[in-house]
Structure formats: structure tokens, C-alpha cells
$ cat start-v2.pdb   # PDB, C-alpha atoms, pLDDT in the B column
ATOM      1  CA  MET L   1     -19.340  69.869  23.422  1.00 52.00           C
ATOM      2  CA  GLN L   2     -21.312  67.188  21.710  1.00 57.00           C
ATOM      3  CA  PHE L   3     -20.256  65.180  18.706  1.00 53.00           C
ATOM      4  CA  PRO L   4     -22.649  64.627  15.847  1.00 59.00           C
ATOM      5  CA  SER L   5     -24.391  61.244  16.027  1.00 61.00           C
ATOM      6  CA  THR L   6     -22.555  59.942  12.942  1.00 65.00           C
ATOM      7  CA  MET L   7     -19.209  60.651  14.529  1.00 63.00           C
ATOM      8  CA  ARG L   8     -20.301  58.930  17.763  1.00 65.00           C
ATOM      9  CA  ARG L   9     -21.326  55.822  15.837  1.00 67.00           C
ATOM     10  CA  THR L  10     -18.047  55.747  13.922  1.00 67.00           C
ATOM     11  CA  THR L  11     -16.047  56.135  17.117  1.00 68.00           C
ATOM     12  CA  ALA L  12     -18.082  53.398  18.791  1.00 67.00           C
ATOM     13  CA  LEU L  13     -17.573  51.123  15.775  1.00 64.00           C
ATOM     14  CA  ILE L  14     -13.810  51.667  15.813  1.00 70.00           C
ATOM     15  CA  ALA L  15     -13.706  51.100  19.554  1.00 66.00           C
ATOM     16  CA  ALA L  16     -15.649  47.863  19.172  1.00 68.00           C
ATOM     17  CA  THR L  17     -13.542  46.497  16.308  1.00 68.00           C
ATOM     18  CA  PHE L  18     -10.136  47.372  17.794  1.00 65.00           C
ATOM     19  CA  PRO L  19     -10.077  44.415  20.265  1.00 68.00           C
ATOM     20  CA  LEU L  20     -11.147  42.128  17.435  1.00 67.00           C
ATOM     21  CA  LEU L  21      -8.266  43.347  15.280  1.00 65.00           C
ATOM     22  CA  LEU L  22      -5.858  42.754  18.155  1.00 65.00           C
ATOM     23  CA  LEU L  23      -7.121  39.191  18.558  1.00 65.00           C
ATOM     24  CA  LEU L  24      -6.815  38.471  14.844  1.00 64.00           C
ATOM     25  CA  GLY L  25      -3.289  39.849  14.846  1.00 63.00           C
ATOM     26  CA  ALA L  26      -2.375  37.430  17.635  1.00 60.00           C
ATOM     27  CA  CYS L  27      -3.617  34.455  15.579  1.00 60.00           C
ATOM     28  CA  THR L  28      -0.554  34.012  13.441  1.00 63.00           C
ATOM     29  CA  GLY L  29       0.571  30.549  12.409  1.00 63.00           C
ATOM     30  CA  PRO L  30       3.990  29.057  12.950  1.00 63.00           C
ATOM     31  CA  ALA L  31       6.937  30.767  11.348  1.00 68.00           C
ATOM     32  CA  VAL L  32       7.841  29.763   7.799  1.00 69.00           C
ATOM     33  CA  GLU L  33      11.012  28.079   9.074  1.00 78.00           C
ATOM     34  CA  GLU L  34       8.974  25.909  11.459  1.00 75.00           C
ATOM     35  CA  GLN L  35       6.593  24.953   8.659  1.00 74.00           C
ATOM     36  CA  ASP L  36       9.500  24.025   6.376  1.00 77.00           C
ATOM     37  CA  ALA L  37      11.123  21.946   9.117  1.00 76.00           C
ATOM     38  CA  ALA L  38       7.845  20.092   9.770  1.00 75.00           C
ATOM     39  CA  LEU L  39       7.408  19.447   6.047  1.00 74.00           C
ATOM     40  CA  ASP L  40      10.964  18.103   5.765  1.00 79.00           C
ATOM     41  CA  GLN L  41      10.367  15.774   8.707  1.00 79.00           C
ATOM     42  CA  ALA L  42       7.135  14.469   7.189  1.00 74.00           C
ATOM     43  CA  GLN L  43       8.804  13.845   3.828  1.00 77.00           C
ATOM     44  CA  GLN L  44      11.692  11.990   5.475  1.00 78.00           C
ATOM     45  CA  ALA L  45       9.279   9.828   7.472  1.00 73.00           C
ATOM     46  CA  ALA L  46       7.292   9.007   4.328  1.00 72.00           C
ATOM     47  CA  ALA L  47      10.467   8.125   2.427  1.00 72.00           C
ATOM     48  CA  ALA L  48      11.632   5.873   5.265  1.00 70.00           C
ATOM     49  CA  VAL L  49       8.364   3.928   5.202  1.00 67.00           C
ATOM     50  CA  ALA L  50       8.127   3.597   1.423  1.00 65.00           C
ATOM     51  CA  THR L  51      10.203   0.614   0.406  1.00 59.00           C
ATOM     52  CA  PRO L  52      10.668  -0.549  -3.185  1.00 57.00           C
ATOM     53  CA  GLU L  53       9.138  -3.913  -2.254  1.00 55.00           C
ATOM     54  CA  ALA L  54       5.938  -2.243  -1.068  1.00 53.00           C
ATOM     55  CA  THR L  55       5.545  -0.014  -4.105  1.00 56.00           C
ATOM     56  CA  THR L  56       6.448  -2.375  -6.946  1.00 63.00           C
ATOM     57  CA  ALA L  57       4.458  -5.271  -8.315  1.00 61.00           C
ATOM     58  CA  PRO L  58       5.928  -8.768  -8.223  1.00 57.00           C
ATOM     59  CA  PRO L  59       7.928  -9.691 -11.296  1.00 61.00           C
ATOM     60  CA  VAL L  60       5.977 -11.233 -14.116  1.00 67.00           C
ATOM     61  CA  GLY L  61       7.200 -14.688 -15.010  1.00 72.00           C
ATOM     62  CA  SER L  62       6.785 -16.979 -17.922  1.00 83.00           C
ATOM     63  CA  CYS L  63       4.660 -19.509 -16.006  1.00 92.00           C
ATOM     64  CA  ASP L  64       1.026 -19.950 -17.109  1.00 93.00           C
ATOM     65  CA  ALA L  65      -0.870 -22.248 -14.722  1.00 93.00           C
ATOM     66  CA  SER L  66      -4.012 -22.106 -16.878  1.00 93.00           C
ATOM     67  CA  GLN L  67      -2.288 -24.561 -19.226  1.00 93.00           C
ATOM     68  CA  VAL L  68      -2.148 -27.278 -16.542  1.00 95.00           C
ATOM     69  CA  GLN L  69      -5.478 -26.816 -14.738  1.00 95.00           C
ATOM     70  CA  GLY L  70      -6.523 -30.214 -16.113  1.00 94.00           C
ATOM     71  CA  LEU L  71      -4.227 -31.845 -13.534  1.00 95.00           C
ATOM     72  CA  VAL L  72      -6.486 -30.776 -10.669  1.00 96.00           C
ATOM     73  CA  GLY L  73      -8.322 -33.816  -9.315  1.00 96.00           C
ATOM     74  CA  GLN L  74      -5.780 -36.342 -10.644  1.00 96.00           C
ATOM     75  CA  PRO L  75      -3.560 -38.451  -8.387  1.00 96.00           C
ATOM     76  CA  TYR L  76      -0.075 -36.930  -8.248  1.00 95.00           C
ATOM     77  CA  THR L  77       2.988 -38.801  -9.504  1.00 94.00           C
ATOM     78  CA  ASP L  78       6.569 -37.564  -9.832  1.00 94.00           C
ATOM     79  CA  ALA L  79       6.385 -38.301 -13.561  1.00 94.00           C
ATOM     80  CA  MET L  80       3.883 -35.420 -13.927  1.00 93.00           C
ATOM     81  CA  GLN L  81       6.403 -32.740 -12.936  1.00 94.00           C
ATOM     82  CA  SER L  82       8.369 -32.500 -16.176  1.00 94.00           C
ATOM     83  CA  PRO L  83       5.391 -32.380 -18.579  1.00 95.00           C
ATOM     84  CA  ALA L  84       3.531 -29.964 -16.277  1.00 95.00           C
ATOM     85  CA  LYS L  85       6.592 -27.723 -16.122  1.00 94.00           C
ATOM     86  CA  ASP L  86       6.890 -27.720 -19.909  1.00 94.00           C
ATOM     87  CA  ASP L  87       3.160 -27.168 -20.500  1.00 94.00           C
ATOM     88  CA  ALA L  88       3.074 -24.231 -18.068  1.00 94.00           C
ATOM     89  CA  GLY L  89       6.283 -22.730 -19.447  1.00 94.00           C
ATOM     90  CA  ALA L  90       7.777 -22.795 -15.959  1.00 94.00           C
ATOM     91  CA  SER L  91      11.459 -23.001 -15.121  1.00 93.00           C
ATOM     92  CA  ASP L  92      10.894 -24.790 -11.803  1.00 93.00           C
ATOM     93  CA  VAL L  93       8.255 -26.891 -10.040  1.00 95.00           C
ATOM     94  CA  ARG L  94       7.428 -26.925  -6.329  1.00 95.00           C
ATOM     95  CA  VAL L  95       5.230 -29.682  -4.928  1.00 96.00           C
ATOM     96  CA  ILE L  96       3.360 -28.560  -1.815  1.00 96.00           C
ATOM     97  CA  LYS L  97       2.034 -31.276   0.499  1.00 95.00           C
ATOM     98  CA  PRO L  98      -0.546 -30.761   3.295  1.00 95.00           C
ATOM     99  CA  ASP L  99       0.774 -28.809   6.298  1.00 93.00           C
ATOM    100  CA  GLN L 100       4.143 -28.355   4.605  1.00 93.00           C
ATOM    101  CA  PRO L 101       5.739 -25.001   5.423  1.00 93.00           C
ATOM    102  CA  VAL L 102       6.541 -22.980   2.316  1.00 92.00           C
ATOM    103  CA  THR L 103       8.282 -19.695   1.691  1.00 90.00           C
ATOM    104  CA  MET L 104       6.143 -16.739   0.647  1.00 89.00           C
ATOM    105  CA  GLU L 105       8.376 -15.222  -2.042  1.00 90.00           C
ATOM    106  CA  PHE L 106       6.840 -14.875  -5.470  1.00 89.00           C
ATOM    107  CA  ILE L 107       8.772 -16.484  -8.290  1.00 91.00           C
ATOM    108  CA  GLY L 108       6.894 -15.889 -11.522  1.00 90.00           C
ATOM    109  CA  GLU L 109       8.661 -18.719 -13.357  1.00 94.00           C
ATOM    110  CA  ARG L 110       7.764 -21.393 -10.774  1.00 95.00           C
ATOM    111  CA  LEU L 111       4.809 -23.784 -10.977  1.00 95.00           C
ATOM    112  CA  ASN L 112       3.331 -24.837  -7.618  1.00 96.00           C
ATOM    113  CA  ILE L 113       1.495 -28.151  -7.516  1.00 96.00           C
ATOM    114  CA  GLU L 114      -0.599 -28.492  -4.368  1.00 97.00           C
ATOM    115  CA  ILE L 115      -1.442 -32.004  -3.166  1.00 96.00           C
ATOM    116  CA  ASP L 116      -4.091 -32.947  -0.601  1.00 96.00           C
ATOM    117  CA  GLU L 117      -3.775 -35.587   2.130  1.00 96.00           C
ATOM    118  CA  ASN L 118      -4.919 -38.313  -0.301  1.00 96.00           C
ATOM    119  CA  GLY L 119      -2.173 -37.552  -2.844  1.00 95.00           C
ATOM    120  CA  VAL L 120      -4.584 -35.857  -5.259  1.00 97.00           C
ATOM    121  CA  ILE L 121      -3.693 -32.567  -6.936  1.00 96.00           C
ATOM    122  CA  SER L 122      -5.895 -29.905  -5.359  1.00 96.00           C
ATOM    123  CA  GLY L 123      -4.484 -26.885  -7.161  1.00 95.00           C
ATOM    124  CA  VAL L 124      -1.859 -25.553  -9.529  1.00 97.00           C
ATOM    125  CA  ARG L 125      -0.608 -21.981  -9.570  1.00 95.00           C
ATOM    126  CA  CYS L 126       2.423 -19.977 -10.514  1.00 93.00           C
ATOM    127  CA  GLY L 127       4.574 -18.206  -8.015  1.00 89.00           C
TER     128      GLY L 127
END
$ encode --input "start-v2.pdb" --output "C-alpha cells"
Amino acid sequence: MQFPSTMRRTTALIAATFPLLLLLGACTGPAVEEQDAALDQAQQAAAAVATPEATTAPPVGSCDASQVQGLVGQPYTDAMQSPAKDDAGASDVRVIKPDQPVTMEFIGERLNIEIDENGVISGVRCG
């Protein structure tokens, strides 16, 4: 008994696609529970790395160093501190000499007066 040619083609097509369907069925992803667990782990790791210090800007202070830029290039004297502090609207003044170690914290109300090796003011900035 012979099958009509259309039926033979259909049977051949089904026979050819069956292994493909089996392979596609085997390609399932991880279970939903595994995906949720991986997502939870990733979120916990991200939260552990994100610190408030890294995500927030430094506090804004009342110091305005632009008001005392005229001091740059002048010889430094201790008598300059009080008027410079007042002019900049700062609450504190820090004098930084060459090669002097300084802390890196930002204090927005502090005026920094930087002095070079000749005792001349080389820069003024807040922080």
C-alpha cells in the first residue's frame, strides 16, 4: 500500500521536526525559585555596596572662597585669617603649608588658605 505524496511529505515533516521540538523542550531556564533567589542575592550585594557617603553629595556650607581670591599672590600673615574668614562667610580657617598632611573630609563652612614654600598664598578654597 502506498501513501499519497502529500501524506508522505507531511509524515516526513513531522518526523523531521519532532527531534527539534524535543531539543527546544529541553532548553528550559532555571526554575522561578532559583531566579528569585539569584535576584535577592544581587539586590543584597548591591545594597551592601551602596553606602550613604557614596550616594550623597557633600554638605553645602556657607563658605564662599570667591570673595577672598584677591589674597592669592600676597604674603601670608596670621592677621589675614580673621578678615578672610569673615569675607568668605566661613566658620573656620585652615592654613595649609607645603608638604603638610591634611585630612580629606569636606567641611563646607571651612576656608582653606594654601601657602607655598615662600610664605605666599597660592590658593584659597572652601572645604
$ residues_near_point --input "start-v2.pdb" --point "(0.1, -20.1, -8.4)" --cutoff "12 Å" --atoms "all atoms listed in the file" --output "PyMOL selection string"
chain L and resi 61+63-69+88+90+93-96+104-114+122-127
$ resolve_selection --input "start-v2.pdb" --expression "the PyMOL selection byres ((chain L and resi 74-84) around 7)" --output "count of residues only"
12
$ atom_distance --input "start-v2.pdb" --atom1 "atom CA of Pro98 of chain L" --atom2 "atom CA of Glu117 of chain L"
5.9 Å
$ atom_distance --input "start-v2.pdb" --atom1 "atom CA of Asp116 of chain L" --atom2 "atom CA of Ser91 of chain L"
23.5 Å
$ atom_distance --input "start-v2.pdb" --atom1 "atom CA of Gly70 of chain L" --atom2 "atom CA of Gly89 of chain L"
15.2 Å
$ axis_aligned_box --input "start-v2.pdb" --around "segment 66-78 of chain L" --padding-each-side "3 Å" --output "lines of an AutoDock Vina configuration file"
center_x = -0.9
center_y = -30.5
center_z = -13.7
size_x = 20.9
size_y = 22.7
size_z = 17.0
